[in-house]
$ cat target01.cif   # mmCIF, C-alpha atoms
data_upload
loop_
_atom_site.label_atom_id
_atom_site.label_comp_id
_atom_site.auth_asym_id
_atom_site.auth_seq_id
_atom_site.Cartn_x
_atom_site.Cartn_y
_atom_site.Cartn_z
CA MET A 798 159.80 74.85 -19.84
CA ALA A 799 158.37 72.74 -17.04
CA GLY A 800 159.15 73.86 -13.51
CA LYS A 801 159.04 70.28 -12.26
CA TYR A 802 159.01 66.83 -13.78
CA TYR A 803 156.82 64.20 -12.12
CA ALA A 804 158.12 60.67 -12.67
CA VAL A 805 155.60 57.87 -12.06
CA ARG A 806 157.44 54.55 -11.84
CA VAL A 807 154.43 52.57 -10.55
CA GLY A 808 150.93 53.89 -11.25
CA ARG A 809 148.03 53.61 -13.67
CA THR A 810 150.24 54.69 -16.56
CA PRO A 811 153.96 54.95 -15.70
CA GLY A 812 155.78 57.85 -17.29
CA ILE A 813 157.03 61.41 -16.82
CA TYR A 814 154.43 64.14 -16.40
CA TYR A 815 154.80 67.90 -16.52
CA ASN A 816 152.23 68.98 -13.96
CA TRP A 817 150.93 67.70 -10.64
CA ASN A 818 147.34 67.18 -11.76
CA ASP A 819 148.39 64.73 -14.50
CA CYS A 820 150.67 62.92 -12.06
CA LYS A 821 148.00 62.78 -9.39
CA ALA A 822 145.56 61.14 -11.80
CA MET A 823 148.07 58.32 -12.26
CA VAL A 824 148.85 57.69 -8.58
CA ASP A 825 145.91 58.83 -6.44
CA GLY A 826 144.33 55.71 -4.90
CA PHE A 827 146.71 53.37 -6.72
CA PRO A 828 148.11 50.76 -4.25
CA GLY A 829 151.88 50.92 -4.06
CA ALA A 830 152.19 53.92 -6.37
CA VAL A 831 155.82 55.00 -6.72
CA TYR A 832 156.52 58.54 -7.93
CA LYS A 833 158.67 61.59 -7.28
CA SER A 834 159.17 65.12 -8.57
CA PHE A 835 162.44 66.38 -10.01
CA LYS A 836 163.84 69.67 -11.24
CA THR A 837 165.40 68.22 -14.38
CA MET A 838 164.31 65.70 -17.01
CA ALA A 839 167.61 63.83 -16.58
CA GLU A 840 166.88 63.19 -12.90
CA ALA A 841 163.32 62.09 -13.69
CA ASP A 842 164.54 59.74 -16.40
CA SER A 843 167.18 58.31 -14.05
CA PHE A 844 164.47 57.66 -11.46
CA MET A 845 162.33 55.88 -14.05
CA GLN A 846 165.28 53.58 -14.70
CA GLY A 847 165.47 52.80 -10.98
CA THR A 848 168.83 54.46 -10.36
CA ALA A 849 167.67 57.48 -8.39
CA SER A 850 167.00 57.64 -4.68
CA LYS A 851 164.21 55.44 -3.34
CA ALA A 852 160.70 56.60 -4.15
CA ARG A 853 158.21 57.40 -1.49
CA GLN A 854 155.29 55.02 -1.13
CA SER A 855 152.25 57.21 -1.58
CA SER A 856 149.46 54.72 -1.18
CA LYS A 857 147.95 53.89 2.18
CA ASN A 858 146.64 50.63 3.51
CA THR A 859 143.32 50.31 5.27
CA ASP A 860 144.82 51.60 8.54
CA GLY A 861 145.97 54.79 6.87
CA ASN A 862 149.62 53.75 7.08
CA LYS A 863 152.09 53.54 4.24
CA LEU A 864 152.24 50.22 2.45
CA PRO A 865 155.35 48.15 3.16
CA GLU A 866 158.23 47.71 0.71
CA VAL A 867 157.09 44.22 -0.26
CA TYR A 868 153.40 43.36 -0.27
CA ALA A 869 150.75 41.46 -2.21
CA PHE A 870 147.01 41.54 -2.76
CA VAL A 871 145.47 38.14 -3.49
CA ASP A 872 141.99 36.77 -4.17
CA GLY A 873 140.31 33.60 -5.43
CA SER A 874 137.47 32.75 -7.78
CA PHE A 875 135.55 29.72 -9.04
CA HIS A 876 133.77 28.90 -12.30
CA GLY A 877 130.80 26.81 -11.22
CA VAL A 878 130.02 25.42 -14.67
CA LYS A 879 133.55 24.48 -15.68
CA LYS A 880 134.60 23.55 -12.12
CA ILE A 881 137.73 25.65 -12.42
CA TYR A 882 139.27 27.41 -9.41
CA GLY A 883 141.78 30.17 -9.76
CA TYR A 884 143.64 33.00 -8.12
CA GLY A 885 144.65 36.49 -9.04
CA GLY A 886 146.62 39.29 -7.52
CA TYR A 887 149.95 40.99 -7.62
CA LEU A 888 153.11 41.46 -5.62
CA VAL A 889 154.90 44.79 -5.33
CA HIS A 890 158.56 44.74 -4.34
CA HIS A 891 160.46 47.99 -4.04
CA GLY A 892 158.29 49.70 -6.64
CA LYS A 893 158.09 46.84 -9.13
CA LYS A 894 154.82 45.03 -9.72
CA GLU A 895 154.50 41.32 -10.48
CA VAL A 896 151.09 40.00 -11.57
CA LEU A 897 150.00 36.70 -10.02
CA LYS A 898 147.45 34.54 -11.79
CA GLY A 899 146.72 30.82 -12.12
CA SER A 900 143.99 28.17 -12.21
CA GLY A 901 143.32 24.46 -11.87
CA ASN A 902 140.55 21.85 -11.97
CA GLU A 903 141.70 19.06 -9.65
CA PRO A 904 138.44 17.61 -8.23
CA GLU A 905 139.29 17.73 -4.52
CA MET A 906 140.58 21.29 -4.78
CA ALA A 907 137.55 22.24 -6.87
CA SER A 908 135.32 21.09 -4.01
CA MET A 909 136.70 24.07 -2.08
CA ARG A 910 135.43 26.38 -4.84
CA ASN A 911 136.91 29.90 -4.63
CA VAL A 912 138.68 29.06 -1.35
CA ALA A 913 141.06 26.86 -3.36
CA GLY A 914 142.03 29.93 -5.33
CA GLU A 915 142.43 31.99 -2.16
CA VAL A 916 145.04 29.68 -0.64
CA LEU A 917 146.84 29.11 -3.94
CA GLY A 918 147.04 32.86 -4.48
CA SER A 919 148.57 33.36 -1.07
CA MET A 920 151.09 30.60 -1.75
CA ALA A 921 151.89 32.11 -5.15
CA ALA A 922 152.71 35.43 -3.48
CA MET A 923 155.00 33.70 -0.99
CA LYS A 924 156.76 31.73 -3.73
CA LYS A 925 157.28 34.87 -5.80
CA ALA A 926 158.71 36.74 -2.80
CA LEU A 927 161.19 33.93 -2.15
CA GLU A 928 162.05 33.74 -5.84
CA LEU A 929 162.91 37.44 -5.70
CA GLY A 930 165.09 36.92 -2.64
CA GLU A 931 162.83 38.85 -0.27
CA LYS A 932 162.87 38.21 3.48
CA GLU A 933 159.53 39.79 4.42
CA LEU A 934 156.09 39.92 2.83
CA THR A 935 152.76 41.48 3.80
CA ILE A 936 149.72 39.79 2.29
CA TYR A 937 146.42 41.68 2.01
CA TYR A 938 143.46 39.31 1.77
CA ASP A 939 139.67 39.34 2.19
CA TYR A 940 139.01 35.73 3.32
CA MET A 941 140.00 34.93 6.90
CA GLY A 942 141.15 31.41 6.08
CA ILE A 943 144.21 32.84 4.34
CA GLU A 944 145.61 33.77 7.73
CA MET A 945 143.90 31.24 9.97
CA TRP A 946 145.00 28.13 8.04
CA ALA A 947 148.52 29.49 7.57
CA THR A 948 148.98 30.03 11.30
CA GLY A 949 147.22 26.83 12.33
CA ALA A 950 144.40 28.69 14.10
CA TRP A 951 141.82 26.86 11.94
CA LYS A 952 141.67 23.08 11.56
CA ARG A 953 142.73 21.79 8.16
CA ASN A 954 140.28 19.25 6.73
CA LYS A 955 141.05 19.44 3.01
CA ALA A 956 144.20 18.48 1.13
CA GLY A 957 144.50 22.06 -0.09
CA THR A 958 144.45 23.63 3.36
CA ILE A 959 146.81 20.96 4.74
CA ALA A 960 149.29 21.62 1.92
CA TYR A 961 148.95 25.35 2.48
CA TYR A 962 149.77 25.10 6.19
CA ASP A 963 152.66 22.73 5.53
CA TYR A 964 154.12 25.07 2.92
CA VAL A 965 153.93 28.10 5.21
CA GLN A 966 155.63 26.15 7.98
CA SER A 967 158.37 25.05 5.59
CA ILE A 968 159.31 28.64 4.65
CA LYS A 969 158.70 30.52 7.91
CA ASP A 970 162.41 30.65 8.68
CA ARG A 971 163.15 32.21 5.28
CA LEU A 972 160.19 34.56 4.88
CA LYS A 973 158.52 36.67 7.55
CA ILE A 974 154.85 36.90 6.58
CA THR A 975 152.41 39.51 7.88
CA PHE A 976 148.71 39.05 7.12
CA VAL A 977 146.35 42.02 6.82
CA LYS A 978 142.61 41.53 6.29
CA VAL A 979 140.71 43.97 4.09
CA LYS A 980 136.99 44.09 3.46
CA GLY A 981 136.16 42.52 0.12
CA HIS A 982 134.26 44.50 -2.53
CA SER A 983 134.56 47.67 -0.50
CA GLY A 984 136.53 49.82 -2.91
CA VAL A 985 140.03 48.80 -1.78
CA GLU A 986 141.71 49.10 -5.15
CA GLY A 987 144.27 46.35 -4.63
CA ASN A 988 141.56 43.92 -3.57
CA GLU A 989 139.35 44.88 -6.50
CA GLU A 990 142.20 44.30 -8.95
CA ALA A 991 143.01 40.92 -7.38
CA ASP A 992 139.34 39.94 -7.67
CA MET A 993 139.30 40.92 -11.36
CA LEU A 994 142.47 38.93 -12.08
CA ALA A 995 141.06 35.88 -10.26
CA LYS A 996 137.88 36.05 -12.35
CA GLN A 997 140.00 36.29 -15.50
CA ALA A 998 141.98 33.24 -14.39
CA VAL A 999 138.86 31.05 -14.34
CA GLY A 1000 137.25 32.56 -17.43
CA LEU A 1001 134.54 34.62 -15.76
CA LEU A 1002 136.00 37.82 -17.23
CA PRO A 1003 137.88 38.38 -20.50
CA GLU A 1004 141.63 38.88 -20.36
#

$ encode --input "target01.cif" --output "structure tokens"
Amino acid sequence: MAGKYYAVRVGRTPGIYYNWNDCKAMVDGFPGAVYKSFKTMAEADSFMQGTASKARQSSKNTDGNKLPEVYAFVDGSFHGVKKIYGYGGYLVHHGKKEVLKGSGNEPEMASMRNVAGEVLGSMAAMKKALELGEKELTIYYDYMGIEMWATGAWKRNKAGTIAYYDYVQSIKDRLKITFVKVKGHSGVEGNEEADMLAKQAVGLLPE
């Protein structure tokens, strides 16, 4: 009989594990991993259903601090041949993960290449947070424009960046947004996953 039951609610493969090594393989390095150990299977199963006490956030951000309750990783991509821009990423709210992915081919937006996807991904995260009734959101990004255009620190010359700024201003009283820059393609798992999803969105990678 197992001495402890390790319930992984958010991880590489959610489920209940019977030893720490198996649990660790599912959560170690996984952004926003949500897991907890229990003495009984009933408690572990209850936790998996979301009725137990709040899980601890095991993953760390790039500053070594715990990730917030509601956060998103976003990235953009561009298919040069098809002239398709897209975004990918995900939002985690209180242990639940929502995948974000979309694309478009409007000519003026396409002229911004992957940057169009970057701003649309950020907006998608904000819209999802509001849809879920959240009041705060931390966005992890790898392109500085995500923050600079949103705050007005950079001049907006394209329709896409103007619309982005206007949208952020329109929701700032309903959603407190914190921007955190991460280094792209540097092994930050959330950023790598967002990059992969963005590439899938424009057809550069298979689904």

$ atom_distance --input "target01.cif" --atom1 "atom CA of A:Gly826" --atom2 "atom CA of A:Glu986"
7.1 Å

$ atom_distance --input "target01.cif" --atom1 "atom CA of A:Ala998" --atom2 "atom CA of A:Arg971"
28.9 Å

$ resolve_selection --input "target01.cif" --expression "the PyMOL selection byres ((chain A and resi 839) around 12)" --output "PyMOL selection string"
chain A and resi 801-804+813+834-838+840-846+848-849

$ residues_around --input "target01.cif" --residues "A:Gly949" --least-positions-apart "2" --cutoff "10 Å" --atoms "only C-alpha atoms" --output "VMD selection string"
chain A and resid 942 944 to 947 951 to 953 958 to 959 962 to 963 965 to 966

$ atom_distance --input "target01.cif" --atom1 "atom CA of A:Leu897" --atom2 "atom CA of A:Arg910"
18.6 Å

$ closest_residue --input "target01.cif" --among "A:Tyr868, A:Phe875, A:Tyr882, A:Tyr887" --to "A:Glu990" --atoms "only C-alpha atoms"
A:Tyr887

$ closest_residue --input "target01.cif" --among "A:Glu903, A:Asp819, A:Asp872, A:Glu933" --to "A:Asp970" --atoms "all atoms listed in the file"
A:Glu933

$ residues_around --input "target01.cif" --residues "stretch 915-917 of chain A" --least-positions-apart "4" --cutoff "9 Å" --atoms "all atoms listed in the file" --output "list in words"
Val871, Asp872, Gly873, Ser874, Gly883, Tyr884, Gly885, Gly899, Ser900, Asn911, Ala921, Ala922, Tyr938, Asp939, Tyr940, Gly942, Ile943, Trp946, Ala947, Gly957, Thr958 and Tyr961 of chain A

$ closest_residue --input "target01.cif" --among "A:Ser919, A:Met909, A:Val896, A:Ala869" --to "A:Ile881" --atoms "only C-alpha atoms"
A:Met909

$ closest_residue --input "target01.cif" --among "A:Val824, A:Val831, A:Val999, A:Ile968" --to "A:Gly901" --atoms "only C-alpha atoms"
A:Val999

$ closest_residue --input "target01.cif" --among "A:Leu972, A:Lys925, A:His876, A:Gly808" --to "A:Gly892" --atoms "all atoms listed in the file"
A:Gly808

$ residues_around --input "target01.cif" --residues "A:Leu1002" --least-positions-apart "5" --cutoff "8 Å" --atoms "only C-alpha atoms" --output "JSON, numbers by chain"
{"A": [993, 996, 997]}
